[in-house]
file work-v1.csv (CSV, C-alpha atoms)
chain,number,residue,atom,x,y,z
A,19,MET,CA,103.0,447.4,-116.0
A,20,PRO,CA,101.2,449.1,-118.9
A,21,ALA,CA,99.9,446.8,-121.6
A,22,THR,CA,101.9,448.7,-124.2
A,23,ALA,CA,105.3,448.0,-122.7
A,24,ARG,CA,107.0,445.1,-124.4
A,25,HIS,CA,110.4,443.6,-124.1
A,26,ARG,CA,112.6,444.3,-127.1
A,27,ARG,CA,115.7,442.5,-128.1
A,28,PRO,CA,118.7,444.7,-128.7
A,29,ARG,CA,119.4,445.3,-132.4
A,30,THR,CA,122.9,443.8,-132.1
A,31,ASN,CA,121.5,440.3,-131.3
A,32,ARG,CA,119.4,440.4,-134.5
A,33,PHE,CA,122.4,441.4,-136.5
A,34,ALA,CA,124.4,438.5,-135.0
A,35,ARG,CA,121.6,436.0,-135.8
A,36,VAL,CA,121.5,437.2,-139.4
A,37,LEU,CA,125.3,436.8,-139.7
A,38,ALA,CA,125.1,433.3,-138.2
A,39,VAL,CA,122.4,432.2,-140.5
A,40,ALA,CA,124.1,433.7,-143.5
A,41,GLY,CA,127.4,432.1,-142.6
A,42,THR,CA,125.8,428.7,-142.1
A,43,GLY,CA,123.9,429.0,-145.4
A,44,ALA,CA,127.1,429.9,-147.2
A,45,ALA,CA,128.9,426.9,-145.6
A,46,VAL,CA,126.1,424.5,-146.6
A,47,LEU,CA,126.2,425.8,-150.2
A,48,ALA,CA,130.0,425.6,-150.3
A,49,LEU,CA,130.3,422.0,-149.1
A,50,PRO,CA,129.0,420.4,-152.3
A,51,LEU,CA,131.4,422.6,-154.3
A,52,ILE,CA,134.4,421.6,-152.1
A,53,GLY,CA,133.5,417.9,-152.5
A,54,ALA,CA,132.9,418.3,-156.3
A,55,THR,CA,136.4,419.6,-156.9
A,56,SER,CA,138.0,416.4,-155.7
A,57,ALA,CA,135.6,413.9,-157.2
A,58,SER,CA,137.3,411.4,-159.5
A,59,ALA,CA,134.2,410.4,-161.3
A,60,ALA,CA,134.3,413.7,-163.2
A,61,THR,CA,137.5,412.7,-164.9
A,62,GLY,CA,136.0,409.5,-166.4
A,63,THR,CA,138.8,407.3,-165.1
A,64,THR,CA,136.9,405.5,-162.4
A,65,SER,CA,133.5,403.9,-162.4
A,66,THR,CA,131.1,402.8,-159.7
A,67,THR,CA,129.5,399.4,-160.1
A,68,VAL,CA,126.4,398.4,-158.2
A,69,SER,CA,126.0,394.8,-157.3
A,70,THR,CA,122.8,393.4,-158.8
A,71,SER,CA,121.1,390.1,-159.1
A,72,PRO,CA,120.8,388.2,-162.4
A,73,ALA,CA,117.3,389.7,-162.6
A,74,GLY,CA,118.7,393.2,-162.3
A,75,TYR,CA,117.6,394.0,-158.7
A,76,SER,CA,120.1,395.5,-156.3
A,77,ASN,CA,121.9,393.1,-154.0
A,78,ASN,CA,120.5,394.5,-150.7
A,79,LEU,CA,117.4,394.2,-148.7
A,80,ASP,CA,115.5,396.6,-150.9
A,81,GLY,CA,116.4,394.6,-154.0
A,82,TRP,CA,115.7,391.2,-152.4
A,83,ILE,CA,112.2,392.4,-151.3
A,84,ARG,CA,111.5,393.9,-154.8
A,85,GLU,CA,112.6,390.7,-156.6
A,86,SER,CA,110.6,388.6,-154.2
A,87,LEU,CA,107.5,390.7,-154.8
A,88,ALA,CA,107.9,390.3,-158.6
A,89,ILE,CA,108.1,386.5,-158.2
A,90,MET,CA,105.1,386.6,-155.8
A,91,THR,CA,103.1,388.6,-158.2
A,92,GLN,CA,103.8,386.0,-161.0
A,93,LYS,CA,102.8,383.1,-158.6
A,94,GLY,CA,99.7,384.8,-157.1
A,95,ILE,CA,101.2,385.1,-153.6
A,96,PRO,CA,99.9,388.1,-151.7
A,97,GLY,CA,102.1,390.6,-149.8
A,98,THR,CA,103.4,394.1,-149.7
A,99,TYR,CA,106.8,395.7,-149.4
A,100,ASN,CA,105.9,397.1,-146.0
A,101,GLY,CA,104.6,393.8,-144.7
A,102,ILE,CA,107.8,392.0,-145.8
A,103,TYR,CA,110.1,394.7,-144.5
A,104,ARG,CA,108.4,394.9,-141.1
A,105,ASN,CA,108.7,391.2,-140.6
A,106,VAL,CA,112.3,391.0,-141.9
A,107,MET,CA,113.4,393.7,-139.5
A,108,ARG,CA,111.7,391.9,-136.5
A,109,GLU,CA,113.0,388.5,-137.4
A,110,SER,CA,116.6,389.1,-138.6
A,111,SER,CA,117.3,392.8,-138.7
A,112,GLY,CA,117.9,392.4,-142.4
A,113,ASN,CA,120.7,389.8,-142.0
A,114,PRO,CA,120.3,387.0,-144.6
A,115,ARG,CA,122.7,384.8,-142.6
A,116,ALA,CA,120.8,385.0,-139.4
A,117,ILE,CA,120.2,381.8,-137.5
A,118,ASN,CA,118.4,381.1,-134.3
A,119,LEU,CA,120.2,378.5,-132.2
A,120,TRP,CA,118.3,378.9,-128.9
A,121,ASP,CA,114.5,378.4,-129.5
A,122,SER,CA,112.4,375.2,-129.4
A,123,ASN,CA,113.0,374.6,-133.1
A,124,ALA,CA,116.8,374.8,-132.6
A,125,ALA,CA,116.5,372.4,-129.6
A,126,LYS,CA,114.9,369.9,-132.0
A,127,GLY,CA,117.8,370.4,-134.5
A,128,ILE,CA,116.0,372.5,-137.0
A,129,PRO,CA,117.0,376.1,-136.4
A,130,SER,CA,115.2,379.1,-138.0
A,131,LYS,CA,117.3,380.6,-140.8
A,132,GLY,CA,117.6,383.6,-143.0
A,133,LEU,CA,115.8,386.9,-143.3
A,134,LEU,CA,112.4,385.6,-142.2
A,135,GLN,CA,113.7,382.9,-139.9
A,136,VAL,CA,112.2,379.9,-141.8
A,137,ILE,CA,112.9,376.3,-140.6
A,138,ASP,CA,114.0,373.8,-143.2
A,139,PRO,CA,110.8,371.7,-143.3
A,140,THR,CA,108.7,374.9,-143.9
A,141,PHE,CA,111.1,376.2,-146.4
A,142,ASN,CA,111.0,372.9,-148.4
A,143,ALA,CA,107.2,372.7,-148.2
A,144,TYR,CA,106.6,376.3,-149.3
A,145,HIS,CA,109.6,376.7,-151.7
A,146,VAL,CA,108.6,378.7,-154.7
A,147,ALA,CA,109.7,377.3,-158.1
A,148,GLY,CA,112.3,379.5,-159.8
A,149,THR,CA,114.0,380.4,-156.6
A,150,SER,CA,117.1,378.9,-155.0
A,151,PHE,CA,116.9,375.8,-152.8
A,152,ASP,CA,119.1,377.5,-150.2
A,153,PRO,CA,117.2,378.8,-147.2
A,154,TYR,CA,119.9,381.5,-146.7
A,155,ASP,CA,119.2,382.9,-150.2
A,156,PRO,CA,117.4,386.1,-149.4
A,157,VAL,CA,114.9,386.0,-152.3
A,158,ALA,CA,114.2,382.3,-151.8
A,159,ASN,CA,113.8,382.8,-148.0
A,160,ILE,CA,111.4,385.8,-148.4
A,161,THR,CA,109.3,384.1,-151.1
A,162,ALA,CA,109.0,380.8,-149.3
A,163,ALA,CA,108.1,382.6,-146.0
A,164,CYS,CA,105.5,384.7,-147.8
A,165,ASN,CA,104.1,381.6,-149.5
A,166,TYR,CA,103.8,380.0,-146.0
A,167,ALA,CA,102.3,383.1,-144.5
A,168,ALA,CA,99.7,383.4,-147.3
A,169,ALA,CA,98.6,379.8,-146.7
A,170,ARG,CA,98.5,380.1,-142.9
A,171,TYR,CA,97.5,383.8,-142.3
A,172,GLY,CA,96.3,385.1,-145.7
A,173,SER,CA,99.4,387.2,-146.3
A,174,ILE,CA,102.7,388.2,-144.7
A,175,ASP,CA,101.0,391.5,-144.1
A,176,ASN,CA,98.8,389.8,-141.5
A,177,VAL,CA,101.8,388.6,-139.5
A,178,SER,CA,102.9,390.8,-136.6
A,179,SER,CA,104.8,388.4,-134.4
A,180,ALA,CA,106.8,385.2,-134.6
A,181,TYR,CA,104.9,382.8,-136.9

call {"tool": "encode", "arguments": {"input": "work-v1.csv", "output": "structure tokens"}}
result
Amino acid sequence: MPATARHRRPRTNRFARVLAVAGTGAAVLALPLIGATSASAATGTTSTTVSTSPAGYSNNLDGWIRESLAIMTQKGIPGTYNGIYRNVMRESSGNPRAINLWDSNAAKGIPSKGLLQVIDPTFNAYHVAGTSFDPYDPVANITAACNYAAARYGSIDNVSSAY
């Protein structure tokens, strides 16, 4: 076969592709407009409230970590958002009510609790002033666990497995 011979697509396929792309693009552009016509927020009759903590942080994992980091900064406890988030996801998948009822601590009657799976004696020993005394409180749990990790490992950032 000569080197100059090349397979060419029929022109109709290119035209069909252009139409498909244009149609998809028009649909994507139209979706926000369709949704906007039925939005009740534009009328001013409804409002959306976001649950926040007394300190003004959102009441979710992101807010709990950010509030804990603010307290940790005030108290000189090292740690980063990524280090905390990584450990929370490994320990509790972000569930502040998580409890471990099957490991050796649980067998001794002191189950691990909360976002960072802290046992009560550790929580009490490393509790940070200004936070709740409830180990299920997300900010108290994160802050106490990070205080413990700082004393034991230098920072929560240095923890990469159960601690």

call {"tool": "closest_residue", "arguments": {"input": "work-v1.csv", "among": "A:Asn105, A:Ser86, A:Asn123, A:Gln92", "to": "Asn159 of chain A", "atoms": "all atoms listed in the file"}}
result
A:Ser86

call {"tool": "atom_distance", "arguments": {"input": "work-v1.csv", "atom1": "atom CA of Ala169 of chain A", "atom2": "atom CA of Gly74 of chain A"}}
result
28.8 Å

call {"tool": "atom_distance", "arguments": {"input": "work-v1.csv", "atom1": "atom CA of Asp121 of chain A", "atom2": "atom CA of Ala147 of chain A"}}
result
29.0 Å

call {"tool": "atom_distance", "arguments": {"input": "work-v1.csv", "atom1": "atom CA of Tyr99 of chain A", "atom2": "atom CA of Ile128 of chain A"}}
result
27.9 Å

call {"tool": "residues_near_point", "arguments": {"input": "work-v1.csv", "point": "(110.8, 381.6, -134.4)", "cutoff": "8 Å", "atoms": "only C-alpha atoms", "output": "list of chain:residue names"}}
result
A:Glu109, A:Asn118, A:Asp121, A:Asn123, A:Ser130, A:Gln135, A:Val136, A:Ala180, A:Tyr181

call {"tool": "closest_residue", "arguments": {"input": "work-v1.csv", "among": "A:Tyr171, A:Trp120, A:Phe151, A:Trp82", "to": "Asp138 of chain A", "atoms": "all atoms listed in the file"}}
result
A:Phe151

call {"tool": "residues_around", "arguments": {"input": "work-v1.csv", "residues": "Asp175 of chain A", "least_positions_apart": "6", "cutoff": "10 Å", "atoms": "only C-alpha atoms", "output": "VMD selection string"}}
result
chain A and resid 96 to 105 164 167 to 168

call {"tool": "closest_residue", "arguments": {"input": "work-v1.csv", "among": "A:Ile95, A:Ile89, A:Ile83, A:Ala162", "to": "Pro139 of chain A", "atoms": "only C-alpha atoms"}}
result
A:Ala162

call {"tool": "build_atoms", "arguments": {"input": "work-v1.csv", "residues": "segment 109-127 of chain A", "atoms": "N, CA, C and O atoms", "output": "compact mmCIF listing (two decimals), keeping the file's coordinate frame"}}
result
# COMPACT_ATOMS: atom_id res chain seq x y z
N GLU A 109 112.43 389.81 -137.47
CA GLU A 109 113.00 388.50 -137.40
C GLU A 109 114.51 388.40 -137.46
O GLU A 109 115.12 387.59 -136.77
N SER A 110 115.13 389.22 -138.33
CA SER A 110 116.60 389.10 -138.60
C SER A 110 117.33 390.39 -138.63
O SER A 110 118.54 390.36 -138.86
N SER A 111 116.65 391.50 -138.49
CA SER A 111 117.30 392.80 -138.70
C SER A 111 117.91 392.99 -140.04
O SER A 111 118.85 393.74 -140.20
N GLY A 112 117.43 392.24 -141.01
CA GLY A 112 117.90 392.40 -142.40
C GLY A 112 119.17 391.53 -142.67
O GLY A 112 119.78 391.68 -143.72
N ASN A 113 119.54 390.62 -141.77
CA ASN A 113 120.70 389.80 -142.00
C ASN A 113 120.31 388.46 -142.63
O ASN A 113 119.67 387.61 -142.00
N PRO A 114 120.70 388.24 -143.91
CA PRO A 114 120.30 387.00 -144.60
C PRO A 114 120.97 385.76 -144.04
O PRO A 114 120.52 384.65 -144.30
N ARG A 115 122.02 385.91 -143.24
CA ARG A 115 122.70 384.80 -142.60
C ARG A 115 122.30 384.52 -141.19
O ARG A 115 122.91 383.71 -140.50
N ALA A 116 121.25 385.18 -140.75
CA ALA A 116 120.80 385.00 -139.40
C ALA A 116 120.35 383.57 -139.12
O ALA A 116 119.76 382.93 -139.99
N ILE A 117 120.65 383.09 -137.94
CA ILE A 117 120.20 381.80 -137.50
C ILE A 117 119.89 381.79 -136.05
O ILE A 117 120.60 382.41 -135.26
N ASN A 118 118.81 381.13 -135.68
CA ASN A 118 118.40 381.10 -134.30
C ASN A 118 118.79 379.73 -133.71
O ASN A 118 118.26 378.70 -134.10
N LEU A 119 119.71 379.76 -132.78
CA LEU A 119 120.20 378.50 -132.20
C LEU A 119 119.73 378.28 -130.77
O LEU A 119 120.29 377.44 -130.07
N TRP A 120 118.69 379.00 -130.34
CA TRP A 120 118.30 378.90 -128.90
C TRP A 120 116.81 378.53 -128.73
O TRP A 120 116.45 378.12 -127.64
N ASP A 121 115.93 378.64 -129.71
CA ASP A 121 114.50 378.40 -129.50
C ASP A 121 114.14 376.93 -129.54
O ASP A 121 115.01 376.06 -129.68
N SER A 122 112.85 376.61 -129.45
CA SER A 122 112.40 375.20 -129.40
C SER A 122 112.72 374.49 -130.73
O SER A 122 113.01 373.30 -130.72
N ASN A 123 112.67 375.20 -131.86
CA ASN A 123 113.00 374.60 -133.10
C ASN A 123 114.51 374.19 -133.13
O ASN A 123 114.89 373.10 -133.56
N ALA A 124 115.35 375.08 -132.64
CA ALA A 124 116.80 374.80 -132.60
C ALA A 124 117.06 373.61 -131.65
O ALA A 124 117.91 372.77 -131.94
N ALA A 125 116.32 373.54 -130.54
CA ALA A 125 116.50 372.40 -129.60
C ALA A 125 116.15 371.09 -130.27
O ALA A 125 116.71 370.06 -129.91
N LYS A 126 115.27 371.13 -131.28
CA LYS A 126 114.90 369.90 -132.00
C LYS A 126 115.86 369.66 -133.19
O LYS A 126 115.68 368.70 -133.95
N GLY A 127 116.83 370.55 -133.38
CA GLY A 127 117.80 370.40 -134.50
C GLY A 127 117.41 371.02 -135.78
O GLY A 127 118.04 370.75 -136.80
